[in-house]
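Heads up: the structure comes next, in structure tokens.
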Amino acid sequence: MANSLQGSISSSCNIPIRSNRIGILDSEIPKSSVSFSSQLPNFSLKYSEKGRNGQSLRTSATVRAEMQVDISLSPRVNSVKPSKTVAITDQATALVQAGVPVIRLAAGEPDFDTPAVITEAGIKAIREGHTRYSPNAGTMELRTAICHKLQEENGLTYTPYQILVSNGAKQCIAQALVAVCSPGDEVIIPAPFWVSYPEMARLADAEPVIVPTLISDDFLLNPELLKAKITEKSRLLILCSPSNPTGSVYPRKLLEEIAEIVAKHPRLLVISDEIYEHIIYAPATHTSFASLPGMWERTLTVNGFSKAFAMTGWRLGYIAGPKHFIAACNKIQSQITSGASSISQKGGVAALGMGHAGGEEVAIMVKAFRERRDFLVKNFRELPGVKISEPKGAFYMFPDFSSYYGSEAEGFGIIKDSESLCRYLLDKGMVALVPGDAFGDDKCIRISYAASLPTLQSAMENIKEAILALRPAGPV
Ligand SMILES: Cc1ncc(COP(=O)(O)O)c(C=O)c1O
């Protein structure tokens with residue numbers, strides 16, 4: 001801003017300077033040469049003029065910049081809500097920095113370190129000079145490894161040209177929405193949903209169409225409701241299994257029913273977000289939507305390394321689908337970020353080399369997640385008035401606390417909704433959780449159990465104490 005001002009009023013200019021919307025505070029400026037120093041909003045102005053006797057006078061004035069800048073934002077940005085997960089995580093971090101021992105269970109990231117075989121591959125990549133731009137779509141080495149994985153683990157056949165590697169699965173999903181949606185198209189999203197889906201749809205000028213699910217149905221999409229929501233504007237259905245925030249896993253049979261409905265609508269594509277694929281608790285099993293009859297042609301399968309391989313900071317994900325769609329995503333990526341980090345991609349190759357579903361090391365992490373899940377399920381079941389659906393995958397639980405809404409907390413006030421409940425639990429219980437409202441279901445709150453068992457034990461004690469201290473509005 002300062003530069004543009006300095007550019008528009010150069011060291012020598014004609015007065016009146018007010019025409020440049022500069023307010024003169026100390027004095028009026030005569031017609032003479034002026035020079036600026038300093039930055040907006042206040043800056044000093046030195047100028048010289050000839051005195052009555054022809055002598056050179058130097059004086060100065062303090063000037064307030066009033067350059068009018070249009071600060072309006074694109075309607076696209078205005079339609080997007082900020083992420084509540086980020087907001088609550090930031091609030092909890094600020095409290096921790098201020099010395100408050102907050103237990104943070106809001107973030108969606110594993111508490112494990114990236115396995116050593118992956119970090120070593122990253123270090124080796126740097127040492128060996130793999131530090132240059134990589135191909136836009138991802139290195140052929142990684143895309144080939146991804147094709148192999150999809151074939152072996154998911155029964156999906158792709159060539160490397162049907163794979164696009166991006167800076168995280170998040171980028172894959174955002175690009176896919178932009179690539180296939182026309183303005184006004186509808187994107188069908190079962191709720192509870194991952195916070196970013198509806199906002200990404202809006203950024204793509206599409207309209208999110210939310211289809212609610214019930215905790216008593218384990219938050220799984222009811223095919224009849226889906227049928228009722230499909231219109232000629234429906235362009236995409238977004239499925240997420242295992243799910244963030246509920247931990248639900250779609251059984252194959254239900255996916256088949258959904259596929260049958262989808263198959264009747266040539267315009268309807270599916271994004272299948274399978275990023276939690278490996279974090280699944282037997283007997284639940286994972287089915288890739290694209291592997292169902294007739295679905296390969298219309299499905300964009302998204303996956304990534306952040307969750308199963310504890311690689312959130314490496315920013316690495318991928319999308320697989322028919323070449324026509326992947327080429328469109330590739331084109332978008334080529335104009336906004338180019339290829340993903342060359343170092344991370346070497347790490348990704350190492351991750352895919354760890355064995356089926358991540359091998360022994362990922363199995364150890366999944367076992368720990370399962371123990372934590374079991375601990376939480378048992379404890380939430382004991383809490384009166386709280387409804388749960390047992391998570392079958394991922395590392396989240398989404399209990400329904402709505403029977404406590406309307407209760408009063410001493411020194412806090414009324415618990416109205418998921419947001420006030422989370423604020424109360426942060427205040428009173430010093431536990432950071434995310435309001436279900438952010439995921440499209442205000443009855444629930446999300447607890448991320450990507451934390452050690454002792455941490456979860458302390459959190460549970462605090463939550464119980466805070467909840468039991470509420471004065472119920474009615475019978476719970
Ligand atoms: C359901 C789901 N999809 C996609 C992502 C994005 O993952 P990343 O961009 O780290 O690969 C996340 C991250 O929280 C997620 O929970």
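By convention here, the chains of the structure tokens are called A, B, ... in the order presented, each chain's residues are numbered starting at 1, and ligands are numbered starting at 1 in the order presented.
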
- Test item: residues lying within 10 Å of ligand 1 with only C-alpha atoms and all ligand atoms, as JSON, numbers by chain: {"A": [85, 107, 108, 109, 166, 167, 168, 169, 170, 171, 172, 173, 174, 193, 194, 195, 196, 197, 239, 240, 241, 242, 243, 244, 245, 272, 273, 274, 275, 276, 302, 303, 304, 305, 306, 307, 310, 311, 312, 313, 314, 315, 316, 317, 318, 394, 395, 396]}

Write to file, as a CSV table (one decimal), in the first residue's frame, the residues of the selection just made, with N, CA and C atoms.
chain,number,residue,atom,x,y,z
A,85,THR,N,-12.6,-26.3,13.3
A,85,THR,CA,-11.5,-27.2,13.9
A,85,THR,C,-10.3,-26.3,14.1
A,107,ALA,N,-7.7,-31.8,17.2
A,107,ALA,CA,-7.0,-31.9,15.9
A,107,ALA,C,-7.2,-33.3,15.2
A,108,GLY,N,-7.2,-33.3,13.9
A,108,GLY,CA,-7.3,-34.5,13.2
A,108,GLY,C,-6.0,-35.1,12.7
A,109,GLU,N,-5.1,-35.2,13.7
A,109,GLU,CA,-3.8,-35.8,13.2
A,109,GLU,C,-3.2,-36.8,14.2
A,166,SER,N,-1.0,-34.7,-5.2
A,166,SER,CA,-1.1,-33.3,-4.8
A,166,SER,C,-0.5,-33.1,-3.4
A,167,ASN,N,-0.6,-31.8,-3.0
A,167,ASN,CA,-0.1,-31.4,-1.7
A,167,ASN,C,-1.2,-31.8,-0.7
A,168,GLY,N,-1.5,-33.0,-0.5
A,168,GLY,CA,-2.5,-33.4,0.5
A,168,GLY,C,-3.8,-33.8,-0.2
A,169,ALA,N,-4.5,-34.7,0.4
A,169,ALA,CA,-5.8,-35.1,-0.1
A,169,ALA,C,-6.8,-33.9,-0.2
A,170,LYS,N,-6.5,-32.9,0.6
A,170,LYS,CA,-7.4,-31.7,0.6
A,170,LYS,C,-7.3,-31.0,-0.7
A,171,GLN,N,-6.1,-30.9,-1.2
A,171,GLN,CA,-6.0,-30.2,-2.6
A,171,GLN,C,-6.6,-31.1,-3.6
A,172,CYS,N,-6.5,-32.4,-3.5
A,172,CYS,CA,-7.1,-33.3,-4.5
A,172,CYS,C,-8.6,-33.0,-4.6
A,173,ILE,N,-9.3,-33.0,-3.4
A,173,ILE,CA,-10.7,-32.8,-3.4
A,173,ILE,C,-11.1,-31.4,-3.9
A,174,ALA,N,-10.4,-30.4,-3.5
A,174,ALA,CA,-10.8,-29.1,-3.9
A,174,ALA,C,-10.6,-29.0,-5.4
A,193,PHE,N,-20.4,-34.4,8.1
A,193,PHE,CA,-19.4,-34.4,7.0
A,193,PHE,C,-18.1,-33.8,7.4
A,194,TRP,N,-17.0,-34.1,6.7
A,194,TRP,CA,-15.8,-33.4,7.0
A,194,TRP,C,-16.0,-31.9,6.6
A,195,VAL,N,-15.5,-31.1,7.6
A,195,VAL,CA,-15.8,-29.6,7.5
A,195,VAL,C,-15.6,-29.0,6.1
A,196,SER,N,-14.6,-29.5,5.4
A,196,SER,CA,-14.2,-28.8,4.2
A,196,SER,C,-15.1,-29.0,3.0
A,197,TYR,N,-15.9,-30.2,3.0
A,197,TYR,CA,-16.6,-30.5,1.8
A,197,TYR,C,-17.6,-29.4,1.3
A,239,LEU,N,-18.6,-39.2,-0.7
A,239,LEU,CA,-18.6,-40.3,0.3
A,239,LEU,C,-17.3,-40.3,1.1
A,240,CYS,N,-17.4,-40.6,2.4
A,240,CYS,CA,-16.1,-40.6,3.2
A,240,CYS,C,-16.2,-41.8,4.1
A,241,SER,N,-15.4,-42.8,3.8
A,241,SER,CA,-15.5,-44.0,4.6
A,241,SER,C,-14.0,-44.6,4.7
A,242,PRO,N,-13.6,-44.9,5.9
A,242,PRO,CA,-14.1,-44.5,7.2
A,242,PRO,C,-14.2,-43.0,7.4
A,243,SER,N,-15.2,-42.6,8.2
A,243,SER,CA,-15.6,-41.2,8.2
A,243,SER,C,-14.9,-40.3,9.3
A,244,ASN,N,-14.6,-39.2,8.8
A,244,ASN,CA,-14.3,-38.1,9.8
A,244,ASN,C,-15.6,-37.2,9.7
A,245,PRO,N,-16.4,-37.0,10.7
A,245,PRO,CA,-16.1,-37.1,12.1
A,245,PRO,C,-16.6,-38.3,12.9
A,272,SER,N,-14.9,-40.4,-3.7
A,272,SER,CA,-14.8,-41.3,-2.6
A,272,SER,C,-13.5,-41.0,-1.8
A,273,ASP,N,-13.7,-40.4,-0.6
A,273,ASP,CA,-12.6,-40.0,0.2
A,273,ASP,C,-12.2,-41.2,1.1
A,274,GLU,N,-11.1,-41.8,0.8
A,274,GLU,CA,-10.7,-43.1,1.5
A,274,GLU,C,-9.5,-42.9,2.3
A,275,ILE,N,-9.3,-41.6,2.8
A,275,ILE,CA,-8.0,-41.3,3.4
A,275,ILE,C,-7.8,-42.1,4.7
A,276,TYR,N,-8.9,-42.5,5.4
A,276,TYR,CA,-8.7,-43.3,6.6
A,276,TYR,C,-8.8,-44.8,6.4
A,302,VAL,N,-10.1,-40.7,-3.7
A,302,VAL,CA,-9.1,-39.8,-3.0
A,302,VAL,C,-8.4,-40.6,-1.9
A,303,ASN,N,-7.1,-40.4,-1.8
A,303,ASN,CA,-6.4,-41.1,-0.7
A,303,ASN,C,-5.2,-40.2,-0.4
A,304,GLY,N,-4.5,-40.6,0.7
A,304,GLY,CA,-3.3,-39.8,1.0
A,304,GLY,C,-2.5,-40.5,2.1
A,305,PHE,N,-1.5,-39.8,2.5
A,305,PHE,CA,-0.5,-40.4,3.4
A,305,PHE,C,-0.6,-39.8,4.9
A,306,SER,N,-1.4,-38.7,5.0
A,306,SER,CA,-1.4,-38.0,6.3
A,306,SER,C,-1.8,-38.9,7.5
A,307,LYS,N,-2.8,-39.7,7.3
A,307,LYS,CA,-3.4,-40.3,8.5
A,307,LYS,C,-2.7,-41.6,8.8
A,310,ALA,N,1.0,-41.2,9.4
A,310,ALA,CA,1.3,-40.1,10.3
A,310,ALA,C,2.3,-39.1,9.5
A,311,MET,N,1.8,-38.7,8.4
A,311,MET,CA,2.6,-37.8,7.5
A,311,MET,C,1.9,-36.4,7.3
A,312,THR,N,1.1,-36.0,8.3
A,312,THR,CA,0.3,-34.7,8.0
A,312,THR,C,1.1,-33.6,7.5
A,313,GLY,N,2.4,-33.4,8.0
A,313,GLY,CA,3.2,-32.3,7.6
A,313,GLY,C,3.9,-32.4,6.3
A,314,TRP,N,3.8,-33.6,5.7
A,314,TRP,CA,4.5,-33.9,4.5
A,314,TRP,C,3.7,-33.4,3.3
A,315,ARG,N,2.4,-33.2,3.5
A,315,ARG,CA,1.4,-32.7,2.5
A,315,ARG,C,1.5,-33.6,1.3
A,316,LEU,N,0.9,-34.8,1.3
A,316,LEU,CA,1.0,-35.6,0.2
A,316,LEU,C,-0.3,-36.5,0.1
A,317,GLY,N,-1.0,-36.3,-1.0
A,317,GLY,CA,-2.2,-37.1,-1.3
A,317,GLY,C,-2.4,-37.4,-2.7
A,318,TYR,N,-3.4,-38.1,-3.1
A,318,TYR,CA,-3.5,-38.4,-4.5
A,318,TYR,C,-5.0,-38.7,-4.9
A,394,ALA,N,-11.1,-44.8,11.5
A,394,ALA,CA,-10.6,-43.4,11.7
A,394,ALA,C,-10.3,-43.3,13.2
A,395,PHE,N,-10.1,-42.1,13.7
A,395,PHE,CA,-9.7,-41.9,15.1
A,395,PHE,C,-10.6,-40.8,15.8
A,396,TYR,N,-11.9,-40.9,15.4
A,396,TYR,CA,-12.8,-39.9,15.9
A,396,TYR,C,-14.0,-40.6,16.5

- Message: Run DSSP on the backbone and tell me which residues of range 118-201 of chain A come out as strand (DSSP E or B); list them as a list of chain:residue names.
- Response: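 Strand (DSSP E or B) assignments inside range 118-201 of chain A correspond to A:Ile163, A:Leu164, A:Val165, A:Ser166, A:Glu186, A:Val187, A:Ile188, A:Ile189, A:Pro190, A:Ala191.
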
Export of the given selection (C-alpha atoms) as a PDB file, in the first residue's frame:
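Output contents, as saved in part-v4.pdb:
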ATOM      1  CA  ILE A 163      -3.292 -40.614 -11.006  1.00  0.00           C
ATOM      2  CA  LEU A 164      -2.577 -37.098  -9.782  1.00  0.00           C
ATOM      3  CA  VAL A 165      -0.387 -36.516  -6.740  1.00  0.00           C
ATOM      4  CA  SER A 166      -1.103 -33.295  -4.840  1.00  0.00           C
ATOM      5  CA  GLU A 186     -25.325 -29.462  -6.646  1.00  0.00           C
ATOM      6  CA  VAL A 187     -22.930 -31.466  -4.531  1.00  0.00           C
ATOM      7  CA  ILE A 188     -24.622 -34.048  -2.315  1.00  0.00           C
ATOM      8  CA  ILE A 189     -22.914 -34.404   1.042  1.00  0.00           C
ATOM      9  CA  PRO A 190     -24.136 -36.751   3.761  1.00  0.00           C
ATOM     10  CA  ALA A 191     -23.955 -35.138   7.224  1.00  0.00           C
TER      11      ALA A 191
END

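The coordinates place CA of Leu105 in chain A at 10.0 Å from CA of Ile88 in chain A.
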
- Message: I need the residues in range 305-427 of chain A that are helix (DSSP H, G or I) according to DSSP; give them as a PyMOL selection string.
- Response: chain A and resi 312-314+323-336+342-352+356-382+402-404+418-427

Could you list, as a CSV table (one decimal) with N, CA and C atoms, in the first residue's frame, every residue within 7 Å of range 89-94 of chain A, counting only C-alpha atoms and ignoring same-chain residues fewer than 3 positions away?
chain,number,residue,atom,x,y,z
A,85,THR,N,-12.6,-26.3,13.3
A,85,THR,CA,-11.5,-27.2,13.9
A,85,THR,C,-10.3,-26.3,14.1
A,86,VAL,N,-10.0,-25.5,13.1
A,86,VAL,CA,-8.8,-24.7,13.3
A,86,VAL,C,-9.0,-23.7,14.4
A,97,GLN,N,-0.3,-22.2,25.8
A,97,GLN,CA,0.8,-21.2,25.8
A,97,GLN,C,0.8,-20.3,27.0
A,98,ALA,N,-0.5,-20.1,27.5
A,98,ALA,CA,-0.7,-19.2,28.7
A,98,ALA,C,-0.5,-20.0,29.9
A,102,VAL,N,-4.5,-27.5,29.1
A,102,VAL,CA,-5.6,-28.0,28.3
A,102,VAL,C,-5.2,-29.3,27.6
A,104,ARG,N,-5.7,-31.4,24.5
A,104,ARG,CA,-6.2,-31.1,23.1
A,104,ARG,C,-6.7,-32.4,22.4
A,106,ALA,N,-8.9,-32.0,19.7
A,106,ALA,CA,-9.6,-31.3,18.6
A,106,ALA,C,-9.0,-31.6,17.2
A,107,ALA,N,-7.7,-31.8,17.2
A,107,ALA,CA,-7.0,-31.9,15.9
A,107,ALA,C,-7.2,-33.3,15.2
A,432,ALA,N,-10.2,-29.7,24.9
A,432,ALA,CA,-10.6,-29.1,23.6
A,432,ALA,C,-11.2,-30.1,22.7

- Find the spatial neighbours of Ser248 in chain A, counting only C-alpha atoms, within a cut-off of 8 Å - ignore same-chain residues fewer than 2 positions away - and output them as an MDAnalysis selection string. chainID A and resid 218:220 241:243 246 250 390:393

Can you spit out the residues from that selection as an mmCIF file, in the first residue's frame, using C-alpha atoms?
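New file selection_27.cif:
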data_model
loop_
_atom_site.group_PDB
_atom_site.id
_atom_site.type_symbol
_atom_site.label_atom_id
_atom_site.label_comp_id
_atom_site.auth_asym_id
_atom_site.auth_seq_id
_atom_site.Cartn_x
_atom_site.Cartn_y
_atom_site.Cartn_z
ATOM 1 C CA ASP A 218 -24.477 -45.330 12.617
ATOM 2 C CA PHE A 219 -24.511 -42.099 10.621
ATOM 3 C CA LEU A 220 -24.776 -44.025 7.342
ATOM 4 C CA SER A 241 -15.456 -44.039 4.609
ATOM 5 C CA PRO A 242 -14.078 -44.502 7.243
ATOM 6 C CA SER A 243 -15.610 -41.210 8.191
ATOM 7 C CA THR A 246 -18.106 -40.228 12.994
ATOM 8 C CA TYR A 250 -19.832 -48.086 4.914
ATOM 9 C CA GLU A 390 -19.326 -47.131 17.987
ATOM 10 C CA PRO A 391 -16.681 -45.979 15.514
ATOM 11 C CA LYS A 392 -15.497 -48.703 13.140
ATOM 12 C CA GLY A 393 -12.585 -46.732 11.739
#

- For Ala204 in chain A, list every protein, DNA or RNA residue within 12 Å, evaluated using only C-alpha atoms, and leave out those in the same chain fewer than 2 positions away; present the list as an MDAnalysis selection string. chainID A and resid 75:77 79:80 173:187 197:202 206:208 235:236

- Which one is closest to Leu214 in chain A: A:Glu260, A:Glu360, A:Asp400, A:Glu297? Count only C-alpha atoms. A:Asp400

- Item | Point-to-point distance in Å for CA of Val209 in chain A and CA of Lys229 in chain A |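 The value is 7.7 Å.
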
- Best match for closeness to Asp427 in chain A among A:Leu292, A:Leu73, A:Cys147, A:Leu95, counting only C-alpha atoms: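 Checking each of A:Leu292, A:Leu73, A:Cys147, A:Leu95 against Asp427 in chain A, counting only C-alpha atoms, the winner is A:Leu95.
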
- Excluding Arg446 in chain A and residues on its chain fewer than 2 positions from it, collect all residues at most 7 Å away from it, counting only C-alpha atoms, and give them as a list in words.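 Once the nearby chain positions are removed, what remains is Pro245, Tyr396, Met397, Phe398, Leu433, Val434, Pro435, Gly436, Cys444 and Ser448 of chain A.
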
- Query: Expressed in Å to a single decimal, how great is the separation between CA of Arg423 in chain A and CA of Phe369 in chain A?
  - Reply: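 Computing the Euclidean distance for CA of Arg423 in chain A and CA of Phe369 in chain A yields 26.0 Å.
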
- Message: Could you check the closest approach to Thr301 in chain A for each of A:Gln162, A:Ser72, A:Ser389, A:Ser234 and tell me which residue wins, using only C-alpha atoms?
- Response: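 Among the listed residues, A:Gln162 lies closest to Thr301 in chain A.
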
- Using only C-alpha atoms, pick whichever of A:Lys81, A:Pro223, A:Ile279, A:Glu410 has the shortest atom-to-atom distance to Leu254 in chain A.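 Closest residue, counting only C-alpha atoms: A:Pro223.
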
- Message: If we count only C-alpha atoms and set the cut-off at 9 Å, which residues sit around Ala357 in chain A, ignoring sequence neighbours fewer than 5 positions away in its own chain? Please answer as a list in words.
- Response: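 The residues satisfying every condition are Lys149, Glu153, Glu277, His278, Ala308, Leu352, Val362 and Ala363 of chain A.
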